[in-house]
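See below for protein23.tsv, which holds TSV, N, CA and C atoms and all ligand atoms.
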```
chain	number	residue	atom	x	y	z
A	1	MET	N	54.34	12.78	-6.04
A	1	MET	CA	54.07	13.69	-4.92
A	1	MET	C	54.33	15.13	-5.31
A	2	THR	N	53.47	15.99	-4.88
A	2	THR	CA	53.64	17.41	-5.19
A	2	THR	C	54.37	18.11	-4.04
A	3	ASP	N	54.76	19.34	-4.29
A	3	ASP	CA	55.41	20.13	-3.24
A	3	ASP	C	54.44	20.37	-2.10
A	4	HIS	N	55.04	20.72	-0.96
A	4	HIS	CA	54.19	21.03	0.19
A	4	HIS	C	53.37	22.29	-0.08
A	5	VAL	N	52.15	22.25	0.35
A	5	VAL	CA	51.28	23.42	0.28
A	5	VAL	C	51.76	24.37	1.40
A	6	PRO	N	51.88	25.69	1.14
A	6	PRO	CA	52.30	26.58	2.24
A	6	PRO	C	51.35	26.45	3.43
A	7	VAL	N	51.90	26.48	4.61
A	7	VAL	CA	51.07	26.29	5.80
A	7	VAL	C	50.02	27.41	5.91
A	8	GLU	N	50.34	28.57	5.37
A	8	GLU	CA	49.37	29.69	5.38
A	8	GLU	C	48.14	29.34	4.53
A	9	ARG	N	48.40	28.60	3.46
A	9	ARG	CA	47.30	28.18	2.59
A	9	ARG	C	46.41	27.17	3.33
A	10	LEU	N	47.04	26.25	4.04
A	10	LEU	CA	46.27	25.28	4.83
A	10	LEU	C	45.47	26.00	5.91
A	11	ALA	N	46.09	27.00	6.52
A	11	ALA	CA	45.41	27.75	7.58
A	11	ALA	C	44.20	28.50	7.01
A	12	LYS	N	44.35	29.01	5.79
A	12	LYS	CA	43.24	29.75	5.16
A	12	LYS	C	42.08	28.79	4.87
A	13	LEU	N	42.41	27.61	4.36
A	13	LEU	CA	41.38	26.61	4.07
A	13	LEU	C	40.66	26.16	5.35
A	14	ALA	N	41.45	26.00	6.42
A	14	ALA	CA	40.86	25.59	7.71
A	14	ALA	C	39.93	26.68	8.24
A	15	ALA	N	40.36	27.93	8.10
A	15	ALA	CA	39.54	29.06	8.58
A	15	ALA	C	38.27	29.21	7.74
A	16	GLU	N	38.37	28.89	6.46
A	16	GLU	CA	37.19	28.98	5.58
A	16	GLU	C	36.15	27.91	5.92
A	17	VAL	N	36.61	26.67	6.10
A	17	VAL	CA	35.67	25.57	6.33
A	17	VAL	C	35.03	25.68	7.72
A	18	LEU	N	35.68	26.40	8.60
A	18	LEU	CA	35.11	26.67	9.93
A	18	LEU	C	33.72	27.32	9.80
A	19	ASN	N	33.53	28.07	8.75
A	19	ASN	CA	32.23	28.72	8.53
A	19	ASN	C	31.11	27.72	8.27
A	20	SER	N	31.47	26.50	7.90
A	20	SER	CA	30.46	25.46	7.68
A	20	SER	C	30.18	24.65	8.93
A	21	ALA	N	30.89	24.91	10.01
A	21	ALA	CA	30.71	24.13	11.24
A	21	ALA	C	29.25	24.14	11.67
A	22	TYR	N	28.81	22.99	12.18
A	22	TYR	CA	27.46	22.90	12.76
A	22	TYR	C	27.68	22.76	14.26
A	23	ALA	N	27.61	23.88	14.95
A	23	ALA	CA	27.94	23.88	16.38
A	23	ALA	C	26.92	24.70	17.19
A	24	PRO	N	25.61	24.33	17.09
A	24	PRO	CA	24.59	25.12	17.79
A	24	PRO	C	24.64	24.95	19.31
A	25	TYR	N	25.30	23.89	19.79
A	25	TYR	CA	25.31	23.63	21.24
A	25	TYR	C	26.49	24.31	21.92
A	26	SER	N	27.67	24.12	21.40
A	26	SER	CA	28.86	24.73	22.04
A	26	SER	C	29.13	26.14	21.49
A	27	ARG	N	28.65	26.41	20.29
A	27	ARG	CA	29.00	27.66	19.58
A	27	ARG	C	30.51	27.78	19.39
A	28	PHE	N	31.21	26.67	19.45
A	28	PHE	CA	32.66	26.65	19.26
A	28	PHE	C	32.93	26.02	17.89
A	29	ARG	N	33.23	26.88	16.93
A	29	ARG	CA	33.40	26.40	15.56
A	29	ARG	C	34.86	26.03	15.30
A	30	VAL	N	35.05	24.90	14.64
A	30	VAL	CA	36.40	24.40	14.37
A	30	VAL	C	36.49	24.01	12.89
A	31	GLY	N	37.60	24.37	12.27
A	31	GLY	CA	37.87	23.95	10.89
A	31	GLY	C	39.21	23.23	10.86
A	32	ALA	N	39.35	22.28	9.96
A	32	ALA	CA	40.61	21.56	9.84
A	32	ALA	C	40.95	21.35	8.37
A	33	ALA	N	42.23	21.48	8.05
A	33	ALA	CA	42.72	21.20	6.69
A	33	ALA	C	43.86	20.19	6.82
A	34	LEU	N	43.71	19.08	6.12
A	34	LEU	CA	44.66	17.97	6.21
A	34	LEU	C	45.34	17.78	4.86
A	35	GLU	N	46.65	17.87	4.85
A	35	GLU	CA	47.42	17.69	3.62
A	35	GLU	C	47.87	16.23	3.51
A	36	ALA	N	47.44	15.58	2.44
A	36	ALA	CA	47.84	14.19	2.20
A	36	ALA	C	49.25	14.16	1.62
A	37	GLU	N	49.86	12.99	1.61
A	37	GLU	CA	51.21	12.86	1.04
A	37	GLU	C	51.23	13.23	-0.44
A	38	SER	N	50.10	13.09	-1.10
A	38	SER	CA	50.00	13.45	-2.52
A	38	SER	C	50.05	14.96	-2.74
A	39	GLY	N	49.84	15.73	-1.65
A	39	GLY	CA	49.74	17.19	-1.76
A	39	GLY	C	48.31	17.68	-1.80
A	40	GLU	N	47.37	16.75	-1.96
A	40	GLU	CA	45.96	17.15	-1.94
A	40	GLU	C	45.54	17.53	-0.52
A	41	VAL	N	44.61	18.45	-0.44
A	41	VAL	CA	44.17	18.93	0.86
A	41	VAL	C	42.68	18.61	1.06
A	42	PHE	N	42.36	18.12	2.24
A	42	PHE	CA	40.98	17.78	2.59
A	42	PHE	C	40.58	18.56	3.83
A	43	THR	N	39.36	19.05	3.81
A	43	THR	CA	38.93	19.89	4.92
A	43	THR	C	37.76	19.26	5.65
A	44	GLY	N	37.56	19.71	6.88
A	44	GLY	CA	36.44	19.24	7.67
A	44	GLY	C	36.11	20.24	8.76
A	45	CYS	N	34.88	20.16	9.24
A	45	CYS	CA	34.45	21.04	10.33
A	45	CYS	C	33.75	20.19	11.39
A	46	ASN	N	33.56	20.76	12.57
A	46	ASN	CA	32.85	19.98	13.59
A	46	ASN	C	31.35	19.94	13.28
A	47	VAL	N	30.77	18.79	13.57
A	47	VAL	CA	29.35	18.55	13.33
A	47	VAL	C	28.76	18.04	14.64
A	48	GLU	N	28.04	18.91	15.33
A	48	GLU	CA	27.50	18.54	16.64
A	48	GLU	C	26.18	17.81	16.51
A	49	ASN	N	25.76	17.22	17.63
A	49	ASN	CA	24.50	16.48	17.64
A	49	ASN	C	23.79	16.72	18.97
A	50	ALA	N	22.46	16.65	18.94
A	50	ALA	CA	21.66	16.82	20.15
A	50	ALA	C	22.04	15.77	21.20
A	51	SER	N	22.48	14.62	20.74
A	51	SER	CA	23.08	13.63	21.63
A	51	SER	C	24.57	13.95	21.62
A	52	TYR	N	25.00	14.79	22.54
A	52	TYR	CA	26.30	15.47	22.46
A	52	TYR	C	27.48	14.57	22.12
A	53	GLY	N	27.46	13.36	22.68
A	53	GLY	CA	28.59	12.45	22.50
A	53	GLY	C	28.78	11.99	21.06
A	54	LEU	N	27.80	12.23	20.23
A	54	LEU	CA	27.90	11.81	18.83
A	54	LEU	C	28.56	12.86	17.95
A	55	THR	N	28.92	13.97	18.56
A	55	THR	CA	29.58	15.06	17.82
A	55	THR	C	30.85	14.56	17.13
A	56	ILE	N	31.04	15.05	15.90
A	56	ILE	CA	32.25	14.73	15.15
A	56	ILE	C	33.14	15.97	15.14
A	57	CYS	N	34.38	15.79	15.51
A	57	CYS	CA	35.34	16.91	15.50
A	57	CYS	C	35.79	17.22	14.07
A	58	ALA	N	36.26	18.43	13.88
A	58	ALA	CA	36.73	18.88	12.57
A	58	ALA	C	37.87	18.00	12.05
A	59	GLU	N	38.77	17.63	12.93
A	59	GLU	CA	39.94	16.84	12.52
A	59	GLU	C	39.52	15.50	11.95
A	60	ARG	N	38.59	14.85	12.64
A	60	ARG	CA	38.16	13.53	12.17
A	60	ARG	C	37.31	13.64	10.90
A	61	ALA	N	36.58	14.73	10.78
A	61	ALA	CA	35.79	14.94	9.55
A	61	ALA	C	36.73	15.10	8.35
A	62	ALA	N	37.82	15.85	8.54
A	62	ALA	CA	38.80	16.04	7.45
A	62	ALA	C	39.47	14.70	7.11
A	63	LEU	N	39.81	13.95	8.14
A	63	LEU	CA	40.46	12.66	7.91
A	63	LEU	C	39.53	11.71	7.15
A	64	ALA	N	38.28	11.67	7.54
A	64	ALA	CA	37.32	10.77	6.86
A	64	ALA	C	37.16	11.17	5.39
A	65	ALA	N	37.15	12.45	5.13
A	65	ALA	CA	37.03	12.92	3.73
A	65	ALA	C	38.24	12.46	2.92
A	66	ALA	N	39.42	12.52	3.52
A	66	ALA	CA	40.65	12.11	2.82
A	66	ALA	C	40.68	10.60	2.59
A	67	VAL	N	40.31	9.86	3.61
A	67	VAL	CA	40.33	8.39	3.49
A	67	VAL	C	39.32	7.94	2.44
A	68	ALA	N	38.18	8.62	2.39
A	68	ALA	CA	37.16	8.27	1.39
A	68	ALA	C	37.66	8.47	-0.03
A	69	ARG	N	38.69	9.32	-0.18
A	69	ARG	CA	39.29	9.56	-1.50
A	69	ARG	C	40.52	8.68	-1.72
A	70	GLY	N	40.73	7.74	-0.83
A	70	GLY	CA	41.80	6.76	-1.03
A	70	GLY	C	43.13	7.11	-0.41
A	71	HIS	N	43.19	8.12	0.44
A	71	HIS	CA	44.46	8.53	1.06
A	71	HIS	C	44.66	7.83	2.40
A	72	ALA	N	45.91	7.49	2.67
A	72	ALA	CA	46.22	6.82	3.93
A	72	ALA	C	47.54	7.32	4.52
A	73	GLY	N	48.10	8.36	3.94
A	73	GLY	CA	49.34	8.94	4.45
A	73	GLY	C	49.20	10.46	4.43
A	74	PHE	N	49.61	11.09	5.52
A	74	PHE	CA	49.37	12.53	5.66
A	74	PHE	C	50.60	13.27	6.18
A	75	ARG	N	50.73	14.51	5.73
A	75	ARG	CA	51.89	15.33	6.13
A	75	ARG	C	51.57	16.31	7.25
A	76	ARG	N	50.55	17.13	6.99
A	76	ARG	CA	50.28	18.21	7.94
A	76	ARG	C	48.78	18.42	8.14
A	77	LEU	N	48.47	18.87	9.33
A	77	LEU	CA	47.08	19.18	9.69
A	77	LEU	C	47.08	20.58	10.30
A	78	VAL	N	46.17	21.41	9.83
A	78	VAL	CA	46.01	22.72	10.47
A	78	VAL	C	44.58	22.82	11.01
A	79	VAL	N	44.50	23.18	12.28
A	79	VAL	CA	43.21	23.36	12.96
A	79	VAL	C	43.01	24.86	13.15
A	80	ALA	N	41.83	25.36	12.82
A	80	ALA	CA	41.54	26.78	13.00
A	80	ALA	C	40.36	26.96	13.94
A	81	THR	N	40.52	27.89	14.88
A	81	THR	CA	39.43	28.24	15.79
A	81	THR	C	39.35	29.76	15.88
A	82	GLU	N	38.28	30.25	16.50
A	82	GLU	CA	38.01	31.69	16.46
A	82	GLU	C	38.45	32.48	17.70
A	83	GLY	N	38.81	31.78	18.76
A	83	GLY	CA	39.20	32.49	19.98
A	83	GLY	C	40.60	33.07	19.87
A	84	ASP	N	41.07	33.67	20.96
A	84	ASP	CA	42.41	34.24	20.95
A	84	ASP	C	43.49	33.15	21.00
A	85	ARG	N	43.25	32.13	21.81
A	85	ARG	CA	44.27	31.11	22.04
A	85	ARG	C	44.04	29.87	21.18
A	86	ALA	N	45.11	29.30	20.69
A	86	ALA	CA	45.03	28.08	19.87
A	86	ALA	C	44.70	26.88	20.75
A	87	VAL	N	43.95	25.93	20.18
A	87	VAL	CA	43.58	24.73	20.93
A	87	VAL	C	44.34	23.52	20.39
A	88	ALA	N	44.57	22.55	21.25
A	88	ALA	CA	45.18	21.29	20.81
A	88	ALA	C	44.06	20.31	20.45
A	89	PRO	N	44.29	19.45	19.48
A	89	PRO	CA	43.27	18.46	19.12
A	89	PRO	C	42.92	17.57	20.31
A	90	CYS	N	41.67	17.16	20.40
A	90	CYS	CA	41.23	16.33	21.53
A	90	CYS	C	41.87	14.94	21.45
A	91	GLY	N	41.80	14.24	22.55
A	91	GLY	CA	42.43	12.92	22.63
A	91	GLY	C	41.90	11.93	21.62
A	92	ALA	N	40.59	11.96	21.39
A	92	ALA	CA	39.99	11.03	20.43
A	92	ALA	C	40.57	11.27	19.04
A	93	CYS	N	40.68	12.54	18.66
A	93	CYS	CA	41.24	12.85	17.34
A	93	CYS	C	42.70	12.45	17.24
A	94	ARG	N	43.44	12.62	18.31
A	94	ARG	CA	44.85	12.21	18.29
A	94	ARG	C	44.97	10.72	17.99
A	95	GLN	N	44.15	9.93	18.68
A	95	GLN	CA	44.19	8.48	18.47
A	95	GLN	C	43.78	8.13	17.04
A	96	VAL	N	42.76	8.76	16.54
A	96	VAL	CA	42.26	8.43	15.19
A	96	VAL	C	43.28	8.85	14.12
A	97	LEU	N	43.87	10.02	14.30
A	97	LEU	CA	44.91	10.47	13.34
A	97	LEU	C	46.12	9.54	13.39
A	98	ALA	N	46.48	9.09	14.59
A	98	ALA	CA	47.68	8.26	14.77
A	98	ALA	C	47.57	6.91	14.08
A	99	GLU	N	46.37	6.51	13.77
A	99	GLU	CA	46.15	5.27	13.01
A	99	GLU	C	46.95	5.29	11.71
A	100	PHE	N	47.14	6.49	11.18
A	100	PHE	CA	47.81	6.65	9.88
A	100	PHE	C	49.25	7.13	10.02
A	101	GLY	N	49.79	7.10	11.23
A	101	GLY	CA	51.18	7.47	11.46
A	101	GLY	C	51.30	8.67	12.39
A	102	THR	N	52.35	8.64	13.21
A	102	THR	CA	52.51	9.72	14.21
A	102	THR	C	53.50	10.79	13.75
A	103	GLY	N	53.92	10.71	12.50
A	103	GLY	CA	54.84	11.73	11.96
A	103	GLY	C	54.12	13.00	11.52
A	104	LEU	N	52.82	13.00	11.57
A	104	LEU	CA	52.03	14.15	11.14
A	104	LEU	C	52.44	15.42	11.91
A	105	GLU	N	52.59	16.52	11.16
A	105	GLU	CA	52.83	17.83	11.79
A	105	GLU	C	51.47	18.45	12.05
A	106	VAL	N	51.24	18.90	13.25
A	106	VAL	CA	49.94	19.48	13.63
A	106	VAL	C	50.12	20.94	14.00
A	107	PHE	N	49.32	21.79	13.37
A	107	PHE	CA	49.33	23.23	13.67
A	107	PHE	C	47.95	23.62	14.17
A	108	SER	N	47.92	24.59	15.06
A	108	SER	CA	46.65	25.14	15.49
A	108	SER	C	46.76	26.66	15.44
A	109	VAL	N	45.80	27.28	14.78
A	109	VAL	CA	45.86	28.74	14.61
A	109	VAL	C	44.60	29.39	15.18
A	110	ALA	N	44.83	30.44	15.94
A	110	ALA	CA	43.73	31.24	16.49
A	110	ALA	C	44.09	32.70	16.28
A	111	LYS	N	43.30	33.59	16.86
A	111	LYS	CA	43.50	35.02	16.59
A	111	LYS	C	44.85	35.54	17.08
A	112	LYS	N	45.24	35.11	18.29
A	112	LYS	CA	46.47	35.68	18.87
A	112	LYS	C	47.56	34.65	19.13
A	113	GLU	N	47.35	33.44	18.60
A	113	GLU	CA	48.34	32.40	18.91
A	113	GLU	C	48.34	31.34	17.81
A	114	SER	N	49.52	30.83	17.51
A	114	SER	CA	49.67	29.67	16.62
A	114	SER	C	50.59	28.68	17.32
A	115	LEU	N	50.22	27.42	17.28
A	115	LEU	CA	51.04	26.39	17.93
A	115	LEU	C	51.36	25.29	16.93
A	116	ARG	N	52.43	24.58	17.21
A	116	ARG	CA	52.84	23.47	16.33
A	116	ARG	C	53.35	22.31	17.17
A	117	TRP	N	52.96	21.11	16.78
A	117	TRP	CA	53.44	19.90	17.44
A	117	TRP	C	53.67	18.83	16.38
A	118	SER	N	54.36	17.76	16.77
A	118	SER	CA	54.28	16.54	15.95
A	118	SER	C	53.21	15.70	16.63
A	119	LEU	N	52.53	14.86	15.86
A	119	LEU	CA	51.47	14.04	16.46
A	119	LEU	C	52.08	13.12	17.53
A	120	GLU	N	53.32	12.73	17.31
A	120	GLU	CA	54.01	11.87	18.28
A	120	GLU	C	54.10	12.54	19.65
A	121	ASP	N	54.32	13.85	19.66
A	121	ASP	CA	54.36	14.59	20.94
A	121	ASP	C	52.98	14.62	21.58
A	122	LEU	N	51.96	14.71	20.74
A	122	LEU	CA	50.60	14.84	21.28
A	122	LEU	C	50.07	13.51	21.81
A	123	ILE	N	50.55	12.41	21.22
A	123	ILE	CA	50.08	11.09	21.68
A	123	ILE	C	51.27	10.12	21.70
A	124	PRO	N	52.07	10.22	22.76
A	124	PRO	CA	53.30	9.42	22.80
A	124	PRO	C	53.08	7.92	22.94
A	125	SER	N	52.00	7.51	23.55
A	125	SER	CA	51.76	6.06	23.72
A	125	SER	C	50.46	5.69	23.05
A	126	VAL	N	50.51	5.63	21.73
A	126	VAL	CA	49.30	5.37	20.97
A	126	VAL	C	48.85	3.90	21.10
A	127	PHE	N	47.57	3.69	21.16
A	127	PHE	CA	47.05	2.32	21.17
A	127	PHE	C	47.13	1.73	19.78
A	128	LYS	N	47.73	0.55	19.70
A	128	LYS	CA	47.79	-0.16	18.41
A	128	LYS	C	47.31	-1.57	18.63
A	129	LEU	N	46.55	-2.06	17.68
A	129	LEU	CA	46.05	-3.42	17.77
A	129	LEU	C	46.98	-4.33	16.99
A	130	ALA	N	47.46	-5.37	17.66
A	130	ALA	CA	48.30	-6.33	16.96
A	130	ALA	C	47.38	-7.28	16.20
A	131	VAL	N	47.29	-7.08	14.91
A	131	VAL	CA	46.41	-7.93	14.10
A	131	VAL	C	47.23	-9.09	13.55
A	132	THR	N	46.75	-10.29	13.79
A	132	THR	CA	47.47	-11.46	13.29
A	132	THR	C	46.80	-11.99	12.04
A	133	ASP	N	47.60	-12.37	11.07
A	133	ASP	CA	47.06	-12.97	9.85
A	133	ASP	C	46.82	-14.45	10.08
A	134	GLU	N	45.69	-14.92	9.64
A	134	GLU	CA	45.43	-16.36	9.82
A	134	GLU	C	45.20	-17.03	8.48
B	1	LIG	N1	36.12	20.05	18.70
B	1	LIG	C1	36.76	19.81	17.51
B	1	LIG	O1	36.16	19.93	16.44
B	1	LIG	N2	38.06	19.44	17.56
B	1	LIG	C2	38.77	19.25	18.71
B	1	LIG	O2	39.92	18.83	18.67
B	1	LIG	C3	38.16	19.57	20.00
B	1	LIG	C4	36.72	19.91	19.99
B	1	LIG	C5	34.70	20.46	18.66
B	1	LIG	C6	33.76	19.44	19.21
B	1	LIG	C7	32.60	20.30	19.63
B	1	LIG	O3	31.75	20.51	18.52
B	1	LIG	C8	33.24	21.63	20.00
B	1	LIG	O4	34.54	21.61	19.44
B	1	LIG	C9	33.32	21.89	21.48
B	1	LIG	O5	33.90	20.83	22.13
```

Can the structure in the file be given as structure tokens, please?
Amino acid sequence: MTDHVPVERLAKLAAEVLNSAYAPYSRFRVGAALEAESGEVFTGCNVENASYGLTICAERAALAAAVARGHAGFRRLVVATEGDRAVAPCGACRQVLAEFGTGLEVFSVAKKESLRWSLEDLIPSVFKLAVTDE
């Protein structure tokens, strides 16, 4: 495991990938940088669709990129948006991130505000499937 990446570095990566967002419908661009336990960082942006409900959030895009590279444990997530106020990740993203543990530190950075939570605070009663081995 490598040292933690400075949170400012994660915020910079999240703000950079926001420029790749595909958000012609909402015009609300979101970038996310997810630090794996290995210290590697994976980024994602929101990808909207004409069938609005099929939109992929930045957080889930970053998570999918990390999982595709074999990661299943994560330390920190930084979400970047362009407005004045920081936004909290949507409920769907909270549930999807929680699949890999609720110890994740979540940051959100905007022009005039930065917020921090633990994923456990954001989703205190996560849905878990009791899978039985047969
Ligand atoms: N969005 C994200 O990317 N992450 C969130 O946590 C909330 C919302 C995106 C989805 C959509 O493209 C736009 O923001 C407006 O909802």

Selection as a PyMOL selection string: residues within 5 Å of ligand LIG 1 (chain B) by all atoms listed in the file
chain A and resi 28+30+46+57-59+88-90

Preceding selection exported with N, CA and C atoms as an mmCIF file, keeping the file's coordinate frame:
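This went into out-v3.cif:
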```cif
data_model
loop_
_atom_site.group_PDB
_atom_site.id
_atom_site.type_symbol
_atom_site.label_atom_id
_atom_site.label_comp_id
_atom_site.auth_asym_id
_atom_site.auth_seq_id
_atom_site.Cartn_x
_atom_site.Cartn_y
_atom_site.Cartn_z
ATOM 1 N N PHE A 28 31.210 26.670 19.450
ATOM 2 C CA PHE A 28 32.660 26.650 19.260
ATOM 3 C C PHE A 28 32.930 26.020 17.890
ATOM 4 N N VAL A 30 35.050 24.900 14.640
ATOM 5 C CA VAL A 30 36.400 24.400 14.370
ATOM 6 C C VAL A 30 36.490 24.010 12.890
ATOM 7 N N ASN A 46 33.560 20.760 12.570
ATOM 8 C CA ASN A 46 32.850 19.980 13.590
ATOM 9 C C ASN A 46 31.350 19.940 13.280
ATOM 10 N N CYS A 57 34.380 15.790 15.510
ATOM 11 C CA CYS A 57 35.340 16.910 15.500
ATOM 12 C C CYS A 57 35.790 17.220 14.070
ATOM 13 N N ALA A 58 36.260 18.430 13.880
ATOM 14 C CA ALA A 58 36.730 18.880 12.570
ATOM 15 C C ALA A 58 37.870 18.000 12.050
ATOM 16 N N GLU A 59 38.770 17.630 12.930
ATOM 17 C CA GLU A 59 39.940 16.840 12.520
ATOM 18 C C GLU A 59 39.520 15.500 11.950
ATOM 19 N N ALA A 88 44.570 22.550 21.250
ATOM 20 C CA ALA A 88 45.180 21.290 20.810
ATOM 21 C C ALA A 88 44.060 20.310 20.450
ATOM 22 N N PRO A 89 44.290 19.450 19.480
ATOM 23 C CA PRO A 89 43.270 18.460 19.120
ATOM 24 C C PRO A 89 42.920 17.570 20.310
ATOM 25 N N CYS A 90 41.670 17.160 20.400
ATOM 26 C CA CYS A 90 41.230 16.330 21.530
ATOM 27 C C CYS A 90 41.870 14.940 21.450
#
```

Need to verify the contact set: Ile56 (chain A), 7 Å, only N, CA and C atoms, exclusion of same-chain residues closer than 3 positions in sequence. Can you return it as a ChimeraX atom specification?
/A:45-49,53,59-61

Pick the closest to Tyr25 (chain A) from A:Ile123, A:Ala50, A:Ala130, A:Val87: which is it, counting all atoms listed in the file?
A:Ala50

From the options A:Asp121, A:Glu37, A:Glu105, A:Glu16, which residue's atoms come nearest to Ala80 (chain A), counting all atoms listed in the file?
A:Glu16

Name the residues in contact with Val78 (chain A) at a cut-off of 7 Å, using all atoms listed in the file, excluding same-chain residues fewer than 3 positions from it; report them as a PyMOL selection string.
chain A and resi 10-11+14+31-35+105-109

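With only N, CA and C atoms as the atoms that count, the residue of A:Leu97, A:His71, A:Gly91, A:Leu115 with the shortest distance to Ser38 (chain A) is A:His71.
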
Write out as a ChimeraX atom specification the set of residues from chain A that DSSP, computed on the backbone, places in strand (DSSP E or B).
/A:22,30-36,41-45,47,56,74-81,105-109,114-118

For atom C of Tyr52 (chain A) and atom C of Ala98 (chain A), the interatomic separation in Å (one decimal)
23.0 Å

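Computed from the coordinates, the atom N of Leu122 (chain A) to atom N of Thr81 (chain A) distance equals 18.4 Å.
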
Atom N of Ala64 (chain A) and atom N of Glu99 (chain A), how far apart in Å?
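Going from atom N of Glu99 (chain A) over to atom N of Ala64 (chain A) covers 11.4 Å.
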
Hey, which of A:Arg69, A:His4, A:Arg94, A:Arg85 ends up closest to Val126 (chain A)? Count only C-alpha atoms.
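Between A:Arg69, A:His4, A:Arg94, A:Arg85, the residue approaching Val126 (chain A) most closely is A:Arg94.
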
With DSSP run on the backbone, what are the alpha helix (DSSP H) residues within chain A? I'd like them as a count of residues only.
34

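Compared by their closest atoms to Thr43 (chain A), and using all atoms listed in the file, the residues A:Gly70, A:Arg29, A:Leu13, A:Glu8 rank with A:Leu13 nearest.
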
Would you mind completing region 103-109 of chain A so that it carries all heavy atoms, and writing it out as an mmCIF file, in the coordinates of the input?
```
data_model
loop_
_atom_site.group_PDB
_atom_site.id
_atom_site.type_symbol
_atom_site.label_atom_id
_atom_site.label_comp_id
_atom_site.auth_asym_id
_atom_site.auth_seq_id
_atom_site.Cartn_x
_atom_site.Cartn_y
_atom_site.Cartn_z
ATOM 1 N N GLY A 103 53.920 10.710 12.500
ATOM 2 C CA GLY A 103 54.840 11.730 11.960
ATOM 3 C C GLY A 103 54.120 13.000 11.520
ATOM 4 O O GLY A 103 54.784 13.987 11.160
ATOM 5 N N LEU A 104 52.820 13.000 11.570
ATOM 6 C CA LEU A 104 52.030 14.150 11.140
ATOM 7 C C LEU A 104 52.440 15.420 11.910
ATOM 8 O O LEU A 104 52.596 15.387 13.120
ATOM 9 C CB LEU A 104 50.550 13.850 11.403
ATOM 10 C CG LEU A 104 49.535 14.876 10.915
ATOM 11 C CD1 LEU A 104 49.389 14.801 9.403
ATOM 12 C CD2 LEU A 104 48.172 14.645 11.588
ATOM 13 N N GLU A 105 52.590 16.520 11.160
ATOM 14 C CA GLU A 105 52.830 17.830 11.790
ATOM 15 C C GLU A 105 51.470 18.450 12.050
ATOM 16 O O GLU A 105 50.647 18.536 11.116
ATOM 17 C CB GLU A 105 53.565 18.749 10.821
ATOM 18 C CG GLU A 105 55.037 18.879 11.040
ATOM 19 C CD GLU A 105 55.569 20.003 10.176
ATOM 20 O OE1 GLU A 105 55.485 19.891 8.932
ATOM 21 O OE2 GLU A 105 56.054 20.993 10.738
ATOM 22 N N VAL A 106 51.240 18.900 13.250
ATOM 23 C CA VAL A 106 49.940 19.480 13.630
ATOM 24 C C VAL A 106 50.120 20.940 14.000
ATOM 25 O O VAL A 106 50.964 21.279 14.833
ATOM 26 C CB VAL A 106 49.326 18.698 14.819
ATOM 27 C CG1 VAL A 106 47.972 19.282 15.210
ATOM 28 C CG2 VAL A 106 49.196 17.209 14.496
ATOM 29 N N PHE A 107 49.320 21.790 13.370
ATOM 30 C CA PHE A 107 49.330 23.230 13.670
ATOM 31 C C PHE A 107 47.950 23.620 14.170
ATOM 32 O O PHE A 107 46.941 23.056 13.734
ATOM 33 C CB PHE A 107 49.616 24.059 12.411
ATOM 34 C CG PHE A 107 50.950 23.787 11.777
ATOM 35 C CD1 PHE A 107 51.128 22.701 10.942
ATOM 36 C CD2 PHE A 107 52.022 24.631 12.013
ATOM 37 C CE1 PHE A 107 52.349 22.444 10.344
ATOM 38 C CE2 PHE A 107 53.256 24.394 11.423
ATOM 39 C CZ PHE A 107 53.412 23.291 10.580
ATOM 40 N N SER A 108 47.920 24.590 15.060
ATOM 41 C CA SER A 108 46.650 25.140 15.490
ATOM 42 C C SER A 108 46.760 26.660 15.440
ATOM 43 O O SER A 108 47.716 27.235 15.975
ATOM 44 C CB SER A 108 46.315 24.667 16.903
ATOM 45 O OG SER A 108 45.036 25.140 17.273
ATOM 46 N N VAL A 109 45.800 27.280 14.780
ATOM 47 C CA VAL A 109 45.860 28.740 14.610
ATOM 48 C C VAL A 109 44.600 29.390 15.180
ATOM 49 O O VAL A 109 43.488 28.944 14.937
ATOM 50 C CB VAL A 109 46.077 29.144 13.132
ATOM 51 C CG1 VAL A 109 47.407 28.645 12.621
ATOM 52 C CG2 VAL A 109 44.962 28.639 12.251
#
```
